[in-house]
$ cat entry.cif   # mmCIF, C-alpha atoms and all ligand atoms
data_input
loop_
_atom_site.label_atom_id
_atom_site.label_comp_id
_atom_site.auth_asym_id
_atom_site.auth_seq_id
_atom_site.Cartn_x
_atom_site.Cartn_y
_atom_site.Cartn_z
CA MET A 147 2.50 -6.97 9.29
CA ILE A 148 5.03 -8.74 7.09
CA GLY A 149 8.02 -6.53 6.12
CA GLY A 150 8.19 -2.84 6.91
CA GLY A 151 11.06 -3.19 9.38
CA GLN A 152 13.76 -0.75 10.43
CA GLY A 153 14.70 1.59 7.56
CA ALA A 154 11.94 0.34 5.24
CA TYR A 155 9.76 2.94 3.57
CA ILE A 156 6.12 2.04 3.22
CA GLY A 157 5.66 -0.09 6.34
CA ASN A 158 5.78 2.98 8.53
CA ILE A 159 3.16 4.75 6.42
CA HIS A 160 0.91 1.68 6.86
CA ARG A 161 1.39 1.80 10.63
CA ILE A 162 0.55 5.51 10.86
CA ALA A 163 -2.44 5.13 8.52
CA ALA A 164 -3.76 2.10 10.39
CA ARG A 165 -3.59 3.94 13.72
CA LEU A 166 -5.22 7.17 12.59
CA ASP A 167 -8.85 6.16 13.11
CA GLY A 168 -8.37 3.61 15.88
CA GLU A 169 -9.81 0.75 13.84
CA TRP A 170 -6.59 -1.27 13.77
CA GLN A 171 -3.99 -2.33 16.28
CA LEU A 172 -0.58 -3.71 15.33
CA VAL A 173 -0.18 -6.86 17.42
CA ALA A 174 2.07 -9.24 15.49
CA GLY A 175 4.62 -9.27 12.71
CA ALA A 176 7.59 -10.69 10.83
CA PHE A 177 9.09 -7.34 9.98
CA ASP A 178 12.37 -8.04 8.26
CA VAL A 179 14.02 -10.42 5.83
CA ASN A 180 16.61 -10.85 8.60
CA PRO A 181 14.75 -12.55 11.50
CA GLU A 182 16.99 -11.02 14.18
CA PHE A 183 16.50 -7.48 12.86
CA GLY A 184 12.79 -8.22 12.62
CA ARG A 185 12.56 -9.25 16.29
CA GLU A 186 14.55 -6.22 17.38
CA PHE A 187 12.22 -3.97 15.40
CA ALA A 188 9.14 -5.70 16.85
CA ARG A 189 10.41 -4.88 20.36
CA SER A 190 10.75 -1.21 19.37
CA GLN A 191 7.08 -1.28 18.30
CA GLY A 192 5.91 -2.75 21.60
CA ILE A 193 4.96 -6.11 20.07
CA ASP A 194 4.83 -8.98 22.59
CA ASP A 195 7.75 -11.37 22.14
CA ASP A 196 5.41 -14.31 21.56
CA ARG A 197 3.88 -12.53 18.55
CA SER A 198 7.14 -11.39 17.00
CA TYR A 199 8.07 -13.92 14.34
CA GLY A 200 11.27 -14.55 12.37
CA THR A 201 9.59 -15.44 9.07
CA TYR A 202 6.12 -15.32 7.53
CA ASP A 203 5.86 -19.11 7.86
CA GLU A 204 6.47 -18.79 11.60
CA PHE A 205 3.97 -15.95 11.68
CA ILE A 206 1.28 -18.14 10.11
CA ALA A 207 2.04 -21.15 12.34
CA GLY A 208 2.01 -18.96 15.44
CA GLU A 209 -1.12 -16.95 14.64
CA VAL A 210 -3.20 -19.88 13.37
CA ALA A 211 -2.70 -21.53 16.75
CA ARG A 212 -4.09 -18.55 18.69
CA GLU A 213 -7.69 -17.85 19.58
CA ASP A 214 -7.02 -14.11 19.31
CA ARG A 215 -5.36 -14.47 15.90
CA VAL A 216 -4.90 -11.32 13.84
CA ASP A 217 -7.82 -10.06 11.72
CA ALA A 218 -5.73 -9.19 8.68
CA VAL A 219 -2.11 -9.03 7.57
CA ALA A 220 -0.43 -6.15 5.73
CA ILE A 221 2.27 -7.19 3.25
CA CYS A 222 4.91 -4.44 2.98
CA THR A 223 7.75 -6.33 1.29
CA PRO A 224 9.40 -6.06 -2.16
CA ASN A 225 7.26 -7.09 -5.13
CA PHE A 226 8.56 -10.63 -5.78
CA THR A 227 7.65 -11.74 -2.26
CA HIS A 228 4.00 -10.58 -2.42
CA TYR A 229 2.78 -13.74 -4.14
CA PRO A 230 4.26 -16.44 -1.88
CA ILE A 231 3.42 -14.46 1.25
CA ALA A 232 -0.15 -13.57 0.21
CA LYS A 233 -0.85 -17.10 -1.05
CA ALA A 234 0.33 -18.68 2.21
CA LEU A 235 -1.71 -16.20 4.28
CA ILE A 236 -4.89 -16.64 2.25
CA GLU A 237 -4.60 -20.43 2.33
CA ALA A 238 -4.22 -20.20 6.10
CA GLY A 239 -7.47 -18.21 6.24
CA PHE A 240 -6.21 -14.64 6.74
CA ASP A 241 -7.53 -11.50 5.10
CA VAL A 242 -4.76 -9.57 3.40
CA ILE A 243 -3.79 -5.97 2.67
CA CYS A 244 -1.14 -6.15 -0.03
CA GLU A 245 1.15 -3.54 -1.46
CA LYS A 246 1.14 -2.78 -5.17
CA PRO A 247 2.03 -4.06 -7.68
CA LEU A 248 0.04 -7.09 -6.57
CA THR A 249 2.80 -9.45 -7.78
CA ALA A 250 6.01 -9.36 -9.82
CA THR A 251 4.64 -11.60 -12.61
CA LEU A 252 1.35 -11.84 -14.48
CA GLU A 253 1.11 -15.57 -13.79
CA ASP A 254 1.31 -14.94 -10.05
CA ALA A 255 -1.28 -12.15 -10.24
CA VAL A 256 -3.75 -14.40 -12.06
CA GLN A 257 -3.25 -17.19 -9.48
CA LEU A 258 -3.60 -14.81 -6.55
CA GLU A 259 -6.74 -13.17 -7.87
CA ASN A 260 -8.24 -16.63 -8.49
CA LEU A 261 -7.35 -17.69 -4.98
CA ALA A 262 -8.97 -14.56 -3.53
CA THR A 263 -12.14 -15.24 -5.51
CA GLU A 264 -12.28 -18.95 -4.66
CA THR A 265 -11.66 -18.51 -0.94
CA GLY A 266 -13.67 -15.29 -0.48
CA ARG A 267 -10.78 -13.84 1.54
CA PHE A 268 -10.53 -10.06 1.57
CA VAL A 269 -7.56 -8.82 -0.47
CA GLY A 270 -7.13 -5.04 -0.42
CA VAL A 271 -4.42 -3.45 -2.56
CA THR A 272 -2.93 -0.16 -1.40
CA TYR A 273 -3.35 2.07 -4.44
CA THR A 274 -2.79 5.10 -2.26
CA TYR A 275 -4.21 7.81 -4.50
CA SER A 276 -7.69 6.29 -4.49
CA GLY A 277 -7.83 7.18 -0.79
CA TYR A 278 -8.02 10.94 -1.37
CA PRO A 279 -11.45 12.55 -0.83
CA MET A 280 -11.09 14.82 -3.87
CA VAL A 281 -10.27 11.84 -6.06
CA HIS A 282 -13.56 10.29 -4.90
CA GLU A 283 -15.26 13.60 -5.62
CA ALA A 284 -13.85 13.53 -9.17
CA ARG A 285 -15.10 9.96 -9.60
CA VAL A 286 -18.61 10.88 -8.47
CA ARG A 287 -18.69 13.94 -10.75
CA VAL A 288 -17.62 11.94 -13.81
CA ALA A 289 -20.18 9.21 -13.04
CA ARG A 290 -23.07 11.69 -12.70
CA GLY A 291 -22.19 13.29 -16.03
CA ASP A 292 -20.74 16.65 -14.95
CA ILE A 293 -18.19 16.61 -17.77
CA GLY A 294 -20.20 14.57 -20.30
CA ASN A 295 -18.70 11.76 -22.32
CA ILE A 296 -14.96 11.55 -21.82
CA ARG A 297 -12.75 12.41 -24.76
CA THR A 298 -9.26 12.19 -23.32
CA VAL A 299 -7.49 11.29 -20.08
CA GLN A 300 -4.01 12.58 -19.21
CA VAL A 301 -2.37 10.94 -16.23
CA GLU A 302 1.19 11.17 -15.01
CA TYR A 303 3.43 10.09 -12.16
CA PRO A 304 6.83 11.77 -12.42
CA LEU A 305 9.50 11.24 -9.74
CA GLU A 306 13.10 12.37 -9.59
CA TRP A 307 14.75 10.22 -6.92
CA MET A 308 16.28 7.71 -9.36
CA ALA A 309 17.76 10.29 -11.77
CA THR A 310 21.23 8.90 -10.98
CA ALA A 311 22.40 5.33 -10.38
CA ILE A 312 21.63 5.35 -6.66
CA GLU A 313 20.99 1.60 -6.82
CA GLN A 314 24.76 1.17 -7.25
CA LYS A 315 25.49 3.37 -4.23
CA GLY A 316 23.75 1.42 -1.51
CA ASN A 317 20.15 2.66 -1.77
CA ALA A 318 18.18 -0.42 -0.67
CA GLN A 319 14.85 0.70 -2.13
CA ALA A 320 16.35 1.49 -5.54
CA ALA A 321 18.40 -1.76 -5.54
CA TRP A 322 15.44 -4.16 -5.58
CA ARG A 323 13.38 -1.85 -7.80
CA THR A 324 16.01 -2.11 -10.57
CA ASP A 325 16.42 -5.89 -10.28
CA PRO A 326 13.98 -7.60 -12.69
CA LYS A 327 13.85 -10.73 -10.51
CA LYS A 328 12.73 -8.79 -7.45
CA ASN A 329 10.74 -6.00 -9.07
CA GLY A 330 9.14 -7.63 -12.13
CA ARG A 331 9.45 -6.62 -15.79
CA GLY A 332 8.30 -3.02 -15.50
CA GLY A 333 10.59 -0.46 -13.85
CA SER A 334 8.92 2.93 -13.52
CA ILE A 335 5.81 1.52 -15.17
CA GLY A 336 5.45 -1.20 -12.52
CA ASP A 337 6.42 0.92 -9.56
CA ILE A 338 4.41 4.08 -10.26
CA GLY A 339 2.76 3.58 -13.65
CA THR A 340 0.45 1.10 -11.90
CA HIS A 341 -0.66 3.87 -9.52
CA ALA A 342 -1.36 6.22 -12.45
CA TYR A 343 -3.21 3.54 -14.41
CA HIS A 344 -5.38 2.69 -11.42
CA LEU A 345 -6.10 6.36 -10.67
CA ALA A 346 -7.25 7.04 -14.26
CA GLY A 347 -9.48 3.97 -14.36
CA PHE A 348 -10.85 4.62 -10.88
CA VAL A 349 -11.95 8.18 -11.61
CA THR A 350 -13.22 7.67 -15.14
CA GLY A 351 -14.63 4.15 -14.93
CA LEU A 352 -13.22 3.63 -18.42
CA LYS A 353 -11.98 0.22 -19.51
CA LEU A 354 -8.78 -0.02 -21.46
CA GLN A 355 -9.09 -1.56 -24.89
CA PHE A 356 -5.61 -1.26 -26.41
CA LEU A 357 -2.30 0.34 -25.55
CA THR A 358 0.99 1.03 -27.22
CA ALA A 359 4.06 1.94 -25.24
CA ASP A 360 7.56 3.32 -25.42
CA LEU A 361 9.83 2.52 -22.48
CA ALA A 362 13.24 4.07 -21.98
CA THR A 363 16.14 3.53 -19.61
CA PHE A 364 18.08 6.74 -19.25
CA VAL A 365 20.42 5.88 -16.38
CA GLU A 366 23.37 3.86 -17.62
CA GLY A 367 23.65 0.31 -16.37
CA ARG A 368 20.02 0.16 -15.17
CA ALA A 369 18.22 -3.05 -16.15
CA LEU A 370 14.64 -1.70 -16.22
CA ASP A 371 12.80 1.29 -17.65
CA ASP A 372 12.99 4.55 -15.74
CA ASN A 373 10.64 6.42 -18.07
CA ALA A 374 7.45 5.24 -19.77
CA HIS A 375 5.08 6.77 -22.29
CA VAL A 376 1.85 4.86 -22.92
CA MET A 377 -0.90 5.73 -25.40
CA MET A 378 -4.26 4.21 -24.54
CA ARG A 379 -7.54 3.61 -26.35
CA TYR A 380 -10.49 3.03 -24.07
CA GLU A 381 -13.66 1.15 -24.85
CA GLY A 382 -16.18 3.66 -26.21
CA GLY A 383 -13.56 5.70 -28.03
CA ALA A 384 -11.89 7.84 -25.33
CA ARG A 385 -8.13 8.23 -25.58
CA GLY A 386 -5.51 8.33 -22.84
CA LEU A 387 -1.87 9.23 -22.28
CA LEU A 388 0.10 7.94 -19.31
CA TRP A 389 3.59 9.05 -18.31
CA SER A 390 5.60 7.53 -15.49
CA SER A 391 9.15 8.58 -14.76
CA GLN A 392 11.75 8.08 -12.05
CA VAL A 393 14.14 10.58 -13.61
CA ALA A 394 11.95 13.69 -13.99
CA LEU A 395 14.01 16.30 -12.12
CA GLY A 396 11.93 18.79 -10.22
CA ASN A 397 9.14 16.33 -9.45
CA SER A 398 8.93 14.92 -5.94
CA ASN A 399 5.60 13.08 -6.18
CA GLY A 400 3.81 14.88 -8.99
CA VAL A 401 0.84 12.57 -9.52
CA ARG A 402 -1.54 14.45 -11.81
CA LEU A 403 -4.83 13.46 -13.45
CA ARG A 404 -6.76 15.48 -16.00
CA VAL A 405 -9.99 14.23 -17.53
CA PHE A 406 -11.52 16.08 -20.48
CA GLY A 407 -15.14 15.46 -21.44
CA GLU A 408 -17.59 16.95 -23.94
CA THR A 409 -18.94 19.51 -21.45
CA GLY A 410 -16.15 20.05 -18.95
CA SER A 411 -12.89 18.87 -17.44
CA LEU A 412 -11.59 17.86 -14.01
CA SER A 413 -7.97 18.16 -12.82
CA TRP A 414 -6.35 16.88 -9.65
CA TYR A 415 -2.73 17.18 -8.51
CA GLN A 416 -1.50 15.23 -5.51
CA GLU A 417 0.80 18.00 -4.29
CA GLN A 418 -2.35 20.18 -3.92
CA PRO A 419 -4.65 17.32 -2.92
CA ASN A 420 -7.33 19.39 -1.19
CA GLU A 421 -8.45 20.95 -4.46
CA LEU A 422 -10.17 19.70 -7.58
CA ILE A 423 -10.33 22.01 -10.60
CA TYR A 424 -13.60 21.87 -12.52
CA ALA A 425 -13.74 23.66 -15.87
CA PRO A 426 -17.22 23.58 -17.45
CA LEU A 427 -18.05 24.53 -21.02
CA ASP A 428 -18.99 28.12 -20.08
CA GLY A 429 -15.40 28.90 -19.08
CA CYS A 430 -16.19 29.68 -15.42
CA VAL A 431 -13.41 27.57 -13.87
CA GLN A 432 -14.04 26.47 -10.26
CA VAL A 433 -11.68 25.41 -7.50
CA VAL A 434 -13.65 22.77 -5.59
CA LYS A 435 -12.30 22.53 -2.05
CA ARG A 436 -12.20 19.51 0.24
CA GLY A 437 -14.61 20.00 3.10
CA ALA A 438 -17.02 22.23 1.14
CA GLU A 439 -20.74 21.79 1.89
CA ASN A 440 -22.00 20.49 -1.42
CA LEU A 441 -19.52 17.67 -1.98
CA SER A 442 -20.50 14.05 -2.47
CA GLU A 443 -21.05 11.63 0.40
CA ASP A 444 -18.04 9.64 -0.90
CA ALA A 445 -15.78 12.67 -0.38
CA LYS A 446 -17.37 13.64 2.96
CA VAL A 447 -16.88 10.27 4.64
CA ARG A 448 -13.18 10.49 3.78
CA THR A 449 -12.72 13.98 5.24
CA ARG A 450 -11.63 14.61 8.84
CA THR A 451 -10.86 18.32 9.15
CA PRO A 452 -12.71 21.48 8.05
CA PRO A 453 -11.73 23.23 4.81
CA GLY A 454 -8.42 25.09 5.05
CA HIS A 455 -6.85 22.66 7.52
CA PRO A 456 -4.86 20.63 5.00
CA GLU A 457 -5.17 16.86 4.77
CA GLY A 458 -2.84 14.80 2.65
CA TYR A 459 -1.03 11.58 1.98
CA LEU A 460 -1.29 10.03 5.45
CA GLU A 461 -5.02 10.72 5.65
CA ALA A 462 -5.53 9.26 2.17
CA PHE A 463 -3.69 6.12 3.23
CA ALA A 464 -5.74 6.04 6.43
CA ASN A 465 -8.91 6.21 4.34
CA LEU A 466 -7.87 2.96 2.67
CA TYR A 467 -7.28 1.36 6.07
CA ALA A 468 -10.60 2.63 7.42
CA GLY A 469 -12.29 1.31 4.27
CA PHE A 470 -10.62 -2.09 4.57
CA ALA A 471 -11.78 -2.32 8.21
CA GLU A 472 -15.35 -1.44 7.26
CA ALA A 473 -15.39 -3.95 4.37
CA ILE A 474 -14.05 -6.77 6.57
CA VAL A 475 -16.40 -6.02 9.48
CA ALA A 476 -19.40 -5.71 7.13
CA ARG A 477 -18.62 -9.08 5.58
CA ARG A 478 -18.41 -10.67 9.04
CA GLU A 479 -21.71 -9.08 10.03
CA GLY A 480 -23.36 -10.18 6.78
CA ARG A 481 -24.29 -6.65 5.67
CA ALA A 482 -23.34 -4.34 2.80
CA PRO A 483 -20.44 -2.03 3.68
CA GLU A 484 -21.11 1.65 4.27
CA ALA A 485 -19.69 4.22 1.80
CA LEU A 486 -16.20 4.10 3.35
CA GLY A 487 -15.98 0.36 2.69
CA GLN A 488 -17.00 0.66 -0.95
CA ASN A 489 -15.00 1.50 -4.08
CA LEU A 490 -11.87 0.01 -2.57
CA PRO A 491 -8.91 -1.30 -4.55
CA LEU A 492 -9.14 -5.11 -4.42
CA ALA A 493 -7.39 -8.16 -5.90
CA TYR A 494 -8.87 -7.67 -9.37
CA ASP A 495 -7.54 -4.08 -9.44
CA GLY A 496 -4.16 -5.51 -8.49
CA LEU A 497 -4.36 -8.03 -11.34
CA LYS A 498 -5.35 -5.26 -13.78
CA GLY A 499 -2.21 -3.32 -12.80
CA VAL A 500 0.09 -6.28 -13.40
CA ALA A 501 -1.67 -7.12 -16.71
CA PHE A 502 -1.19 -3.48 -17.76
CA VAL A 503 2.55 -3.65 -17.03
CA GLU A 504 2.85 -6.90 -18.98
CA ALA A 505 1.16 -5.41 -22.05
CA VAL A 506 3.21 -2.20 -21.79
CA VAL A 507 6.52 -4.09 -21.69
CA ASP A 508 5.46 -6.46 -24.50
CA SER A 509 4.40 -3.52 -26.65
CA SER A 510 7.61 -1.63 -26.03
CA GLU A 511 9.78 -4.69 -26.73
CA ALA A 512 8.06 -5.44 -30.05
CA THR A 513 10.26 -4.67 -33.05
CA GLU A 514 7.44 -2.82 -34.86
CA PRO A 515 5.01 -0.48 -33.06
CA VAL A 516 2.12 -2.63 -31.81
CA TRP A 517 -1.21 -2.07 -30.00
CA LEU A 518 -1.97 -4.72 -27.35
CA ARG A 519 -4.90 -5.54 -25.07
CA PRO A 520 -4.06 -6.44 -21.44
CA ILE A 521 -5.60 -9.73 -20.28
CA ALA A 522 -7.55 -7.97 -17.50
CA VAL A 523 -9.03 -4.48 -17.96
P1 LIG B 601 11.78 -1.42 1.42
O1 LIG B 601 12.93 -2.06 0.73
O2 LIG B 601 11.96 -0.07 2.03
O3 LIG B 601 11.23 -2.38 2.59
C1 LIG B 601 11.00 -3.74 2.42
C2 LIG B 601 10.91 -4.40 3.79
O4 LIG B 601 10.49 -5.76 3.62
C3 LIG B 601 12.24 -4.46 4.55
O5 LIG B 601 11.99 -4.21 5.92
C4 LIG B 601 12.69 -5.91 4.37
O6 LIG B 601 13.55 -6.38 5.40
C5 LIG B 601 11.34 -6.61 4.40
N1 LIG B 601 11.32 -7.94 3.80
C6 LIG B 601 11.80 -8.33 2.60
N2 LIG B 601 11.54 -9.64 2.41
C7 LIG B 601 10.89 -10.09 3.51
C8 LIG B 601 10.37 -11.34 3.91
N3 LIG B 601 10.46 -12.41 3.12
N4 LIG B 601 9.76 -11.42 5.13
C9 LIG B 601 9.66 -10.34 5.94
N5 LIG B 601 10.14 -9.13 5.60
C10 LIG B 601 10.75 -9.00 4.40
O7 LIG B 601 10.59 -1.39 0.36
P2 LIG B 601 9.43 -0.30 0.21
O8 LIG B 601 9.90 0.84 -0.58
O9 LIG B 601 8.82 -0.03 1.53
O10 LIG B 601 8.41 -1.12 -0.71
C11 LIG B 601 7.71 -2.25 -0.23
C12 LIG B 601 6.48 -2.49 -1.12
O11 LIG B 601 5.62 -1.37 -1.02
C13 LIG B 601 6.79 -2.66 -2.60
O12 LIG B 601 5.95 -3.61 -3.17
C14 LIG B 601 6.48 -1.28 -3.19
O13 LIG B 601 6.09 -1.32 -4.54
C15 LIG B 601 5.35 -0.82 -2.31
N6 LIG B 601 5.23 0.63 -2.17
C16 LIG B 601 3.99 1.19 -2.26
C17 LIG B 601 3.79 2.53 -2.12
C18 LIG B 601 2.41 3.08 -2.19
O14 LIG B 601 2.24 4.26 -2.43
N7 LIG B 601 1.37 2.31 -1.96
C19 LIG B 601 4.93 3.44 -1.89
C20 LIG B 601 6.20 2.75 -1.74
C21 LIG B 601 6.32 1.40 -1.88
#
$ encode --input "entry.cif" --output "structure tokens"
Amino acid sequence: MIGGGQGAYIGNIHRIAARLDGEWQLVAGAFDVNPEFGREFARSQGIDDDRSYGTYDEFIAGEVAREDRVDAVAICTPNFTHYPIAKALIEAGFDVICEKPLTATLEDAVQLENLATETGRFVGVTYTYSGYPMVHEARVRVARGDIGNIRTVQVEYPLEWMATAIEQKGNAQAAWRTDPKKNGRGGSIGDIGTHAYHLAGFVTGLKLQFLTADLATFVEGRALDDNAHVMMRYEGGARGLLWSSQVALGNSNGVRLRVFGETGSLSWYQEQPNELIYAPLDGCVQVVKRGAENLSEDAKVRTRTPPGHPEGYLEAFANLYAGFAEAIVARREGRAPEALGQNLPLAYDGLKGVAFVEAVVDSSEATEPVWLRPIAV
């Protein structure tokens, strides 16, 4: 692991998720931008001193020289560091699990995706919400025609934690997220809009054609958007609306997706992640529960406990890790991955997210309202 040291947020979620199914073992890392803190943290995680590195360059030099070198490296650092770290790792021959957004700039995302394609290295991107079994169930149901042709998609990711200027009061996570050099051009749209955009595309299979966007910065002194409204036109005529917000009081992690087709709709809400609401044309609305008998194979392979024993965020994240393990092992064994190792978020999905952010910011900055097409859809 690179990053994810003491006090960091997502690194710990990666470690829990990676451990859940016993497929991964954390054996080496450069955990902190401060090498000393990183080594101290490594000791607290039981990492051998000779595999605790001060920087990612040292990590690469040390691991390349070992016969038991790591199988893959998770990048859990702020956005602007993803590109140099991932590039160096891929060039050194490592498979990579990278946090979203894939990079802070579109140029870097294009280069990284090219590098992944050219080298054939595995690059998984942790779009967390595509790990949930009921999100997979929704995807399968849309694909087999349960709701008919899609008319409109409503997706939102409202948060409240940045409703005041916490970046000016010592909050480390908010500080880099509001610095364009470290975060990239899109504030809320880059941080959480990318999750929403991926979720909508993942479930519906729709390709974005054009978008027009309106970004706002409500907290005084903040350099990036903290609220985004995006109207989308998909290929084939479906329409979409995406809302991301870091200032939506009352919302902790209210990721919500609603897909409306000609013969039914599907709704999923991450704070009730074990349920999918299916509303067919006849008005008999159904609550489809995780763990139920008649669910798809894609949902079943991502389910650990019987219905009624709740699963959630950590299990969804673990499903990504289990999927990454299966995809990497399958590639090494020269076989097609089983269901768990399919439909994973990969480098191209990461590039799509960064291209989306670029088009959203360009559209919002235009003096006249303008519809734009992202370079990767
Ligand atoms: P954070 O600020 O809490 O942690 C960043 C960590 O990276 C710190 O330990 C820091 O010392 C370390 N670091 C920074 N530069 C480094 C370098 N050059 N070498 C080694 N370590 C370095 O950040 P947070 O909130 O954990 O976010 C990290 C990434 O994860 C971001 O890209 C963010 O967008 C993403 N994220 C993804 C989520 C998801 O749902 N998939 C949720 C939260 C964050």
$ atom_distance --input "entry.cif" --atom1 "atom CA of A:Thr298" --atom2 "atom CA of A:Phe406"
5.3 Å
$ closest_residue --input "entry.cif" --among "A:Glu253, A:Glu237, A:Asp337, A:Glu186" --to "ligand LIG 601 (chain B)" --atoms "only C-alpha atoms and all ligand atoms"
A:Asp337
$ atom_distance --input "entry.cif" --atom1 "atom CA of A:Gly487" --atom2 "atom CA of A:Thr350"
19.5 Å
$ closest_residue --input "entry.cif" --among "A:Val173, A:Ala501, A:Ile521, A:Val281" --to "A:Gly339" --atoms "only C-alpha atoms"
A:Ala501
$ atom_distance --input "entry.cif" --atom1 "atom CA of A:Leu403" --atom2 "atom C11 of ligand LIG 601 (chain B)"
24.1 Å
$ closest_atom_pairs --input "entry.cif" --of "chain A" --to "ligand LIG 601 (chain B)" --cutoff "7 Å" --atoms "all atoms listed in the file" --output "CSV"
residue,atom,partner,partner_atom,distance
A:Ile148,CA,B:LIG601,C9,5.0
A:Gly149,CA,B:LIG601,N5,3.4
A:Gly150,CA,B:LIG601,O5,4.2
A:Gly151,CA,B:LIG601,O5,3.7
A:Gln152,CA,B:LIG601,O5,6.0
A:Gly153,CA,B:LIG601,O2,6.4
A:Ala154,CA,B:LIG601,O2,3.2
A:Tyr155,CA,B:LIG601,O9,3.7
A:Ile156,CA,B:LIG601,O9,3.8
A:Gly157,CA,B:LIG601,O9,5.8
A:Ala176,CA,B:LIG601,C9,5.3
A:Phe177,CA,B:LIG601,N5,4.8
A:Asp178,CA,B:LIG601,O6,3.5
A:Val179,CA,B:LIG601,C10,3.8
A:Asn180,CA,B:LIG601,O6,6.3
A:Thr201,CA,B:LIG601,N4,5.6
A:Tyr202,CA,B:LIG601,N4,5.8
A:Cys222,CA,B:LIG601,C11,4.8
A:Thr223,CA,B:LIG601,O4,3.6
A:Pro224,CA,B:LIG601,C13,4.3
A:Asn225,CA,B:LIG601,O12,4.2
A:Thr227,CA,B:LIG601,N3,6.1
A:Glu245,CA,B:LIG601,O11,5.0
A:Lys246,CA,B:LIG601,O13,5.2
A:Pro247,CA,B:LIG601,O13,5.8
A:Thr272,CA,B:LIG601,N7,5.0
A:Tyr273,CA,B:LIG601,N7,5.3
A:Thr274,CA,B:LIG601,N7,5.0
A:Ala318,CA,B:LIG601,O1,5.7
A:Gln319,CA,B:LIG601,O1,4.4
A:Asp337,CA,B:LIG601,O13,5.5
$ build_atoms --input "entry.cif" --residues "stretch 171-182 of chain A" --atoms "N, CA and C atoms" --output "compact mmCIF listing (two decimals), in the coordinates of the input"
# COMPACT_ATOMS: atom_id res chain seq x y z
N GLN A 171 -5.05 -2.29 15.29
CA GLN A 171 -3.99 -2.33 16.28
C GLN A 171 -2.91 -3.27 15.74
N LEU A 172 -1.68 -2.84 15.78
CA LEU A 172 -0.58 -3.71 15.33
C LEU A 172 -0.18 -4.64 16.47
N VAL A 173 -0.41 -5.94 16.31
CA VAL A 173 -0.18 -6.86 17.42
C VAL A 173 0.82 -7.96 17.11
N ALA A 174 1.17 -8.14 15.84
CA ALA A 174 2.07 -9.24 15.49
C ALA A 174 2.78 -8.92 14.18
N GLY A 175 3.95 -9.53 13.97
CA GLY A 175 4.62 -9.27 12.71
C GLY A 175 5.88 -10.10 12.52
N ALA A 176 6.26 -10.18 11.22
CA ALA A 176 7.59 -10.69 10.83
C ALA A 176 8.12 -9.56 9.96
N PHE A 177 8.88 -8.65 10.58
CA PHE A 177 9.09 -7.34 9.98
C PHE A 177 10.28 -7.22 9.03
N ASP A 178 11.14 -8.24 9.03
CA ASP A 178 12.37 -8.04 8.26
C ASP A 178 12.81 -9.34 7.63
N VAL A 179 13.49 -9.23 6.49
CA VAL A 179 14.02 -10.42 5.83
C VAL A 179 15.06 -11.09 6.74
N ASN A 180 15.68 -10.31 7.59
CA ASN A 180 16.61 -10.85 8.60
C ASN A 180 15.83 -11.04 9.92
N PRO A 181 15.61 -12.31 10.33
CA PRO A 181 14.75 -12.55 11.50
C PRO A 181 15.20 -11.81 12.76
N GLU A 182 16.51 -11.70 12.97
CA GLU A 182 16.99 -11.02 14.18
C GLU A 182 16.61 -9.54 14.16
